[in-house]
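Here the structure is laid out as structure tokens; the discussion comes afterwards.
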Amino acid sequence: MTGTATLLHHDGTEEIPRFLGAPGAALFGCLHRPAGVARSLVVLCSSIGAEWKYNYRREVLLARRLAERGVAAVRFHYLGSGNSDDGSPDFAALVAQARQVEAWGRAESGATRVGYFGARFGALVAAAASADTDMPLTAWGAPGTGAGYFRELLRIERVGRLAEGSAAFAEAEEPRVRLARGEPADVVGYPLPPELYDSAQSLVFTELAGTAPRDVCLVEIGGDGSARRAAESLTERGLRVHASRLVEDRSWWLHDADWRPDETRQTVRNMIEETVDWFLTVLPT
Amino acid sequence: MTGAAGAPPARAADERPFYFRAGAEHIFGVLTEPTAADSGVGVLLLSGGVYVLSTNRNRLYVRMARQLAAQGHRSLRIDYRGVGESTGMIGDYPLDDPNVPDVEAAIGQLVAAGARRIVLVGSCYGARAAMHVAAGHPALASMVLLAPPLGDRGRGAAATPDEVGKVFQDRLSTLWRRRIPTLLLYGQEDNYYHDFARASAEPWLSGLFGDGSALVLRTLPGKAHGLQRIDLQDVFVDTVLDWVASVTGGDRAPAV
């Protein structure tokens, strides 16, 4: 093998992919280290299933941009997903994994101040992992509740079956039936473990995010007014909230027909720049 | 599940994430080392288009790689340029020029890691990339091609036999001429399979799958393209493991 374990960019930033933790329960993580001293670190918490894949490149681009501007960033794959070892974690385990990766990122980067980022379901993880602290938090498309998120997900599963038009898909067992039996459901080719489904039912984003005064940036995906409502709730709790909106009408689960690279989407580039700019206002560099 | 000699599947600890150069870009890959006696076979796993990562859908390539390790095979899965962890920007996934430098460099990495014989597994666009780059490769031992599009343009539809691409014809004919054991898999409800069925009336194509040919066509129930059902993913993984075991002279222990 003639490759390298670390990617060194021309601007001096580095990407360091590693497996973290005990054999058999190792997480895949990637640290983006800036060229100079990193005083701050952002922990990126991805969504799950097809949303994980949909937003993956955006999170890579976001982490690269943070590093270019002097902020370390760390991304990771939950157990049972991506390149990590097997597992069927519940919500508390996802939160623990985020904190494990945060500790690794702090140790490797030397950063002393930490912020969290979460996309869709990952916003719940990020909010919980940073609860009861003053860590800045950015959320893209945060669901209002865990129960609502999974209702939408199972609706998308039904739409996906109809869109495919396959007799075999139409005859497949309803996800709720399998979950009720304590078995993983198949959601458009991704497993939804009952442990995660059950443990996320009572989650409320504003309750997780609003446990202590801090800075929060909410980016709404689409136009359902969720970010405005969350912003009002968090402001009432004494948090400093910045809210904006990305107009995007594609489902993060069913999106292949009109695909094109994120690098060519001006709205995505704007969302990344806005997020980086916001972190730079609330984190030391 | 264990491998032929009772070896366990690989885990993350048996894998190495790394970057390698392909032209001006840095391609990200994960190399999985064998957990059984080294067979000398290297398996390159190529995903489809539309930002599909090296893991493929629901990390089925991670599962496949870790089980291939128990057969003694090392494997490499890669993010094409502009996808996942790699640098650069992906284009329109052109079927007549499918990420050639990335795949060539990936094969080079497998050889550098110790592989003497190469097997390629590709789904959709990845199947076309595998055929395109490796059909004539001297170290090629076998291929598994899931739902390869027949056309050379756009998303590869070939509504009539006339629309079957020249590049597709050339690479498939090369595999036949070289007697490379090649498994073509389609879902019975795949549009690409319907294209294939129509084109099979043409003598050039039907002749490639006759008696004595090393090319094998199998169909799976439902839609295989996109791998949008977990049970179908499992069938794909099992089919690949059995095929690779059969063509590399190994055997595969039953699931335990």
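Each chain of the structure tokens is named A, B, ... in the order shown, its residues numbered from 1; ligands are numbered from 1 in display order.
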
Got a sec: who's within 9 Å of Trp176 of chain B, counting only C-alpha atoms, leaving out chain neighbours fewer than 5 positions off, as a PDB file with N, CA and C atoms, in the first residue's frame?
```
ATOM      1  N   ARG B 171     -16.596  -4.119 -23.592  1.00  0.00           N
ATOM      2  CA  ARG B 171     -16.076  -4.669 -22.334  1.00  0.00           C
ATOM      3  C   ARG B 171     -16.660  -6.049 -22.049  1.00  0.00           C
ATOM      4  N   PRO B 181     -14.447 -15.440 -15.355  1.00  0.00           N
ATOM      5  CA  PRO B 181     -15.711 -15.762 -14.681  1.00  0.00           C
ATOM      6  C   PRO B 181     -16.414 -14.471 -14.229  1.00  0.00           C
ATOM      7  N   THR B 182     -17.545 -14.223 -14.829  1.00  0.00           N
ATOM      8  CA  THR B 182     -18.244 -12.957 -14.597  1.00  0.00           C
ATOM      9  C   THR B 182     -19.707 -13.237 -14.313  1.00  0.00           C
ATOM     10  N   LEU B 208     -22.780 -14.625 -26.075  1.00  0.00           N
ATOM     11  CA  LEU B 208     -21.816 -14.502 -24.982  1.00  0.00           C
ATOM     12  C   LEU B 208     -22.188 -15.377 -23.791  1.00  0.00           C
ATOM     13  N   PHE B 209     -23.459 -15.807 -23.728  1.00  0.00           N
ATOM     14  CA  PHE B 209     -23.921 -16.541 -22.549  1.00  0.00           C
ATOM     15  C   PHE B 209     -24.236 -18.004 -22.870  1.00  0.00           C
ATOM     16  N   SER B 213     -19.425 -20.680 -21.910  1.00  0.00           N
ATOM     17  CA  SER B 213     -19.050 -19.298 -21.613  1.00  0.00           C
ATOM     18  C   SER B 213     -18.750 -19.148 -20.125  1.00  0.00           C
ATOM     19  N   ALA B 214     -17.843 -18.233 -19.800  1.00  0.00           N
ATOM     20  CA  ALA B 214     -17.548 -17.929 -18.393  1.00  0.00           C
ATOM     21  C   ALA B 214     -18.476 -16.843 -17.854  1.00  0.00           C
ATOM     22  N   LEU B 215     -19.343 -16.328 -18.703  1.00  0.00           N
ATOM     23  CA  LEU B 215     -20.290 -15.296 -18.279  1.00  0.00           C
ATOM     24  C   LEU B 215     -21.588 -15.954 -17.821  1.00  0.00           C
TER      25      LEU B 215
END
```

Residue set, segment 145-243 of chain B restricted to strand (DSSP E), as an MDAnalysis selection string: chainID B and resid 145:146 182:187 215:220

Selected residue of minimal separation from chain A among B:Pro221, B:Gly122, B:Pro101, B:Pro161, counting only C-alpha atoms: B:Pro221

Using only C-alpha atoms, tabulate the residues of segment 123-212 of chain B lying at most 12 Å from any atom of segment 62-81 of chain B, each with its closest atom pair and that distance in Å to one decimal, by chain and increasing residue number, as a tab-separated table.
```
residue	atom	partner	partner_atom	distance
B:Tyr125	CA	B:Tyr80	CA	11.2
B:Gly126	CA	B:Tyr80	CA	9.8
B:Ala129	CA	B:Tyr80	CA	10.6
```

Between atom CA of Val125 of chain A and atom CA of Val95 of chain A, what is the distance, to one decimal in Å?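 Here the two named atoms are 5.5 Å from each other.
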
Thr160 of chain B environment, 9 Å, only C-alpha atoms, sequence neighbours closer than 4 positions dropped, as a ChimeraX atom specification: /B:164,195,198-199

Would you export the selected residues with N, CA and C atoms as a PDB file, in the first residue's frame, please?
```pdb
ATOM      1  N   VAL B 164     -27.879  -0.076 -27.083  1.00  0.00           N
ATOM      2  CA  VAL B 164     -26.840  -0.683 -26.240  1.00  0.00           C
ATOM      3  C   VAL B 164     -25.500  -0.064 -26.624  1.00  0.00           C
ATOM      4  N   ASP B 195     -34.061  -3.888 -20.362  1.00  0.00           N
ATOM      5  CA  ASP B 195     -33.188  -3.536 -21.496  1.00  0.00           C
ATOM      6  C   ASP B 195     -32.359  -4.748 -21.920  1.00  0.00           C
ATOM      7  N   ARG B 198     -34.431  -7.418 -23.722  1.00  0.00           N
ATOM      8  CA  ARG B 198     -34.706  -7.049 -25.125  1.00  0.00           C
ATOM      9  C   ARG B 198     -33.464  -7.250 -25.984  1.00  0.00           C
ATOM     10  N   ALA B 199     -32.321  -6.812 -25.441  1.00  0.00           N
ATOM     11  CA  ALA B 199     -31.085  -6.906 -26.229  1.00  0.00           C
ATOM     12  C   ALA B 199     -30.625  -8.354 -26.411  1.00  0.00           C
TER      13      ALA B 199
END
```

Can you pull out every residue within 12 Å of Asn99 of chain B, counting only C-alpha atoms, but drop anything in the same chain fewer than 6 positions away, and send it as a PyMOL selection string? chain B and resi 22-23+25+27+46-49+78-83+88-93+105-106+125-133

Considering only C-alpha atoms, return as a VMD selection string whatever protein or nucleic-acid residues lie within 10 Å of Asn83 of chain A, sequence-local ones (same chain, fewer than 5 positions apart) excluded. (chain A and resid 19 26 to 29 76 to 78) or (chain B and resid 11 to 12 15 17 30 54 to 55 59 61 to 63)

Residues from the last selection, N, CA and C atoms, saved as an mmCIF file, in the first residue's frame:
```cif
data_model
loop_
_atom_site.group_PDB
_atom_site.id
_atom_site.type_symbol
_atom_site.label_atom_id
_atom_site.label_comp_id
_atom_site.auth_asym_id
_atom_site.auth_seq_id
_atom_site.Cartn_x
_atom_site.Cartn_y
_atom_site.Cartn_z
ATOM 1 N N PHE A 19 -10.021 4.858 13.530
ATOM 2 C CA PHE A 19 -10.992 4.097 14.303
ATOM 3 C C PHE A 19 -10.715 4.345 15.780
ATOM 4 N N ALA A 26 -15.583 -0.123 17.772
ATOM 5 C CA ALA A 26 -14.818 1.047 17.341
ATOM 6 C C ALA A 26 -15.659 1.948 16.438
ATOM 7 N N LEU A 27 -15.519 3.241 16.667
ATOM 8 C CA LEU A 27 -16.186 4.245 15.836
ATOM 9 C C LEU A 27 -15.217 4.737 14.776
ATOM 10 N N PHE A 28 -15.739 4.994 13.587
ATOM 11 C CA PHE A 28 -14.948 5.697 12.580
ATOM 12 C C PHE A 28 -15.091 7.192 12.843
ATOM 13 N N GLY A 29 -13.957 7.871 12.948
ATOM 14 C CA GLY A 29 -13.973 9.321 13.125
ATOM 15 C C GLY A 29 -12.991 9.976 12.192
ATOM 16 N N PHE A 76 -18.039 11.696 12.651
ATOM 17 C CA PHE A 76 -17.949 10.279 13.018
ATOM 18 C C PHE A 76 -19.147 9.510 12.502
ATOM 19 N N HIS A 77 -19.007 8.182 12.495
ATOM 20 C CA HIS A 77 -20.096 7.273 12.129
ATOM 21 C C HIS A 77 -20.581 6.578 13.393
ATOM 22 N N TYR A 78 -21.886 6.590 13.613
ATOM 23 C CA TYR A 78 -22.435 5.894 14.779
ATOM 24 C C TYR A 78 -22.144 4.389 14.661
ATOM 25 N N ARG B 11 -13.150 -6.896 11.687
ATOM 26 C CA ARG B 11 -13.765 -5.774 12.387
ATOM 27 C C ARG B 11 -13.009 -4.509 11.986
ATOM 28 N N ALA B 12 -13.430 -3.401 12.543
ATOM 29 C CA ALA B 12 -12.741 -2.148 12.218
ATOM 30 C C ALA B 12 -11.251 -2.243 12.524
ATOM 31 N N GLU B 15 -9.061 -3.051 9.698
ATOM 32 C CA GLU B 15 -9.180 -2.174 8.527
ATOM 33 C C GLU B 15 -8.300 -0.941 8.683
ATOM 34 N N PRO B 17 -8.208 2.993 7.166
ATOM 35 C CA PRO B 17 -8.640 4.082 6.286
ATOM 36 C C PRO B 17 -7.416 4.860 5.807
ATOM 37 N N VAL B 30 -10.851 2.343 2.265
ATOM 38 C CA VAL B 30 -10.674 1.530 3.472
ATOM 39 C C VAL B 30 -10.216 0.151 3.022
ATOM 40 N N SER B 54 -18.453 4.826 -0.302
ATOM 41 C CA SER B 54 -17.708 3.573 -0.416
ATOM 42 C C SER B 54 -18.367 2.446 0.369
ATOM 43 N N THR B 55 -19.170 2.786 1.347
ATOM 44 C CA THR B 55 -19.849 1.777 2.159
ATOM 45 C C THR B 55 -20.987 1.109 1.399
ATOM 46 N N ARG B 59 -24.297 0.276 4.338
ATOM 47 C CA ARG B 59 -22.938 -0.263 4.546
ATOM 48 C C ARG B 59 -22.808 -1.724 4.138
ATOM 49 N N TYR B 61 -21.231 -2.896 1.699
ATOM 50 C CA TYR B 61 -19.856 -3.201 1.328
ATOM 51 C C TYR B 61 -18.957 -3.374 2.558
ATOM 52 N N VAL B 62 -19.337 -2.763 3.666
ATOM 53 C CA VAL B 62 -18.576 -2.984 4.900
ATOM 54 C C VAL B 62 -18.802 -4.422 5.358
ATOM 55 N N ARG B 63 -20.058 -4.826 5.340
ATOM 56 C CA ARG B 63 -20.376 -6.213 5.725
ATOM 57 C C ARG B 63 -19.693 -7.202 4.777
#
```

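Atom CA of Gly160 of chain A lies 21.3 Å from atom CA of Asp224 of chain A.
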
Option closest in space to Val103 of chain B, from B:Gly29, B:Gly249, B:Pro203, B:Pro148 [counting only C-alpha atoms]: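 Counting only C-alpha atoms, the residue closest to Val103 of chain B is B:Gly29.
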
Considering only C-alpha atoms, return as a PyMOL selection string whatever protein or nucleic-acid residues lie within 10 Å of Leu153 of chain A, sequence-local ones (same chain, fewer than 2 positions apart) excluded. chain A and resi 49+147-151+155-159+187-188+192+253

Distance-based interface of chain A with chain B, 7 Å, counting only C-alpha atoms, as a VMD selection string: chain A and resid 1 to 7 17 to 19 23 to 24 26 56 to 57 60 81 to 85 166 168 186 188 to 190 256 259 261

Compile the contact shell of Val216 of chain B as a PyMOL selection string: residues with an atom at most 12 Å away, counting only C-alpha atoms, same-chain residues fewer than 5 positions apart removed. chain B and resi 142-146+172+175-176+179-186+206-211+243

Which of segment 131-213 of chain A end up as alpha helix (DSSP H) when DSSP is run on this backbone - answer as a PyMOL selection string? chain A and resi 146-164+167-170+175-180+194-199+205-209

Same residues, N, CA and C atoms, saved as a tab-separated table (two decimals), in the first residue's frame:
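Final output, out-v5.tsv:
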```tsv
chain	number	residue	atom	x	y	z
A	146	GLY	N	-38.67	13.69	18.57
A	146	GLY	CA	-38.26	12.39	18.06
A	146	GLY	C	-39.44	11.63	17.48
A	147	ALA	N	-40.57	11.71	18.16
A	147	ALA	CA	-41.75	10.99	17.66
A	147	ALA	C	-42.17	11.51	16.29
A	148	GLY	N	-42.14	12.85	16.15
A	148	GLY	CA	-42.51	13.44	14.87
A	148	GLY	C	-41.54	13.06	13.77
A	149	TYR	N	-40.26	13.01	14.13
A	149	TYR	CA	-39.25	12.62	13.14
A	149	TYR	C	-39.53	11.22	12.59
A	150	PHE	N	-39.84	10.29	13.49
A	150	PHE	CA	-40.06	8.92	13.03
A	150	PHE	C	-41.41	8.76	12.32
A	151	ARG	N	-42.39	9.56	12.71
A	151	ARG	CA	-43.65	9.55	11.94
A	151	ARG	C	-43.37	9.92	10.49
A	152	GLU	N	-42.58	10.98	10.31
A	152	GLU	CA	-42.25	11.43	8.96
A	152	GLU	C	-41.45	10.35	8.23
A	153	LEU	N	-40.54	9.74	8.94
A	153	LEU	CA	-39.68	8.73	8.32
A	153	LEU	C	-40.52	7.54	7.82
A	154	LEU	N	-41.47	7.12	8.62
A	154	LEU	CA	-42.29	5.98	8.21
A	154	LEU	C	-43.25	6.37	7.09
A	155	ARG	N	-43.65	7.63	7.05
A	155	ARG	CA	-44.46	8.09	5.92
A	155	ARG	C	-43.63	8.06	4.64
A	156	ILE	N	-42.38	8.49	4.75
A	156	ILE	CA	-41.49	8.47	3.59
A	156	ILE	C	-41.29	7.04	3.11
A	157	GLU	N	-41.20	6.12	4.05
A	157	GLU	CA	-41.04	4.71	3.68
A	157	GLU	C	-42.22	4.25	2.82
A	158	ARG	N	-43.43	4.67	3.21
A	158	ARG	CA	-44.61	4.29	2.41
A	158	ARG	C	-44.53	4.92	1.02
A	159	VAL	N	-44.15	6.19	0.98
A	159	VAL	CA	-44.03	6.88	-0.32
A	159	VAL	C	-42.99	6.18	-1.18
A	160	GLY	N	-41.89	5.79	-0.53
A	160	GLY	CA	-40.82	5.12	-1.26
A	160	GLY	C	-41.29	3.82	-1.88
A	161	ARG	N	-42.10	3.08	-1.14
A	161	ARG	CA	-42.61	1.81	-1.68
A	161	ARG	C	-43.50	2.07	-2.90
A	162	LEU	N	-44.35	3.09	-2.78
A	162	LEU	CA	-45.24	3.39	-3.90
A	162	LEU	C	-44.44	3.85	-5.11
A	163	ALA	N	-43.43	4.69	-4.83
A	163	ALA	CA	-42.63	5.22	-5.93
A	163	ALA	C	-41.88	4.11	-6.65
A	164	GLU	N	-41.42	3.13	-5.91
A	164	GLU	CA	-40.69	2.02	-6.53
A	164	GLU	C	-41.61	1.17	-7.40
A	167	ALA	N	-43.84	-5.05	-6.72
A	167	ALA	CA	-44.77	-5.91	-6.00
A	167	ALA	C	-44.13	-6.44	-4.72
A	168	ALA	N	-42.85	-6.79	-4.80
A	168	ALA	CA	-42.17	-7.32	-3.62
A	168	ALA	C	-42.13	-6.29	-2.50
A	169	PHE	N	-41.90	-5.02	-2.88
A	169	PHE	CA	-41.87	-3.98	-1.86
A	169	PHE	C	-43.25	-3.79	-1.25
A	170	ALA	N	-44.26	-3.80	-2.11
A	170	ALA	CA	-45.62	-3.57	-1.64
A	170	ALA	C	-46.05	-4.64	-0.64
A	175	PRO	N	-43.35	-1.40	8.60
A	175	PRO	CA	-42.30	-1.17	9.60
A	175	PRO	C	-42.83	-1.15	11.04
A	176	ARG	N	-44.00	-0.56	11.24
A	176	ARG	CA	-44.52	-0.47	12.61
A	176	ARG	C	-44.77	-1.86	13.20
A	177	VAL	N	-45.17	-2.80	12.36
A	177	VAL	CA	-45.44	-4.15	12.84
A	177	VAL	C	-44.14	-4.79	13.34
A	178	ARG	N	-43.10	-4.61	12.57
A	178	ARG	CA	-41.81	-5.18	12.98
A	178	ARG	C	-41.29	-4.49	14.24
A	179	LEU	N	-41.41	-3.19	14.30
A	179	LEU	CA	-40.93	-2.46	15.48
A	179	LEU	C	-41.70	-2.89	16.73
A	180	ALA	N	-43.01	-3.10	16.55
A	180	ALA	CA	-43.82	-3.53	17.70
A	180	ALA	C	-43.38	-4.90	18.20
A	194	PRO	N	-35.33	-1.06	16.85
A	194	PRO	CA	-36.37	-0.72	17.82
A	194	PRO	C	-35.82	0.03	19.03
A	195	GLU	N	-34.56	-0.26	19.38
A	195	GLU	CA	-33.96	0.44	20.53
A	195	GLU	C	-33.93	1.95	20.29
A	196	LEU	N	-33.58	2.32	19.05
A	196	LEU	CA	-33.49	3.75	18.74
A	196	LEU	C	-34.88	4.35	18.61
A	197	TYR	N	-35.74	3.65	17.94
A	197	TYR	CA	-37.12	4.13	17.73
A	197	TYR	C	-37.79	4.39	19.08
A	198	ASP	N	-37.72	3.43	19.96
A	198	ASP	CA	-38.40	3.56	21.26
A	198	ASP	C	-37.78	4.66	22.11
A	199	SER	N	-36.45	4.70	22.13
A	199	SER	CA	-35.78	5.64	23.04
A	199	SER	C	-35.89	7.08	22.57
A	205	PHE	N	-36.74	18.67	20.87
A	205	PHE	CA	-35.50	19.39	20.55
A	205	PHE	C	-35.28	20.58	21.47
A	206	THR	N	-36.31	21.40	21.67
A	206	THR	CA	-36.10	22.62	22.46
A	206	THR	C	-35.80	22.29	23.92
A	207	GLU	N	-36.30	21.18	24.41
A	207	GLU	CA	-35.99	20.81	25.80
A	207	GLU	C	-34.54	20.34	25.91
A	208	LEU	N	-34.05	19.66	24.89
A	208	LEU	CA	-32.65	19.22	24.91
A	208	LEU	C	-31.70	20.40	24.72
A	209	ALA	N	-32.08	21.31	23.81
A	209	ALA	CA	-31.18	22.42	23.46
A	209	ALA	C	-31.24	23.55	24.49
```

Atom CA of Gly144 of chain A to atom CA of Ala93 of chain A: how many Å, to one decimal? 20.5 Å
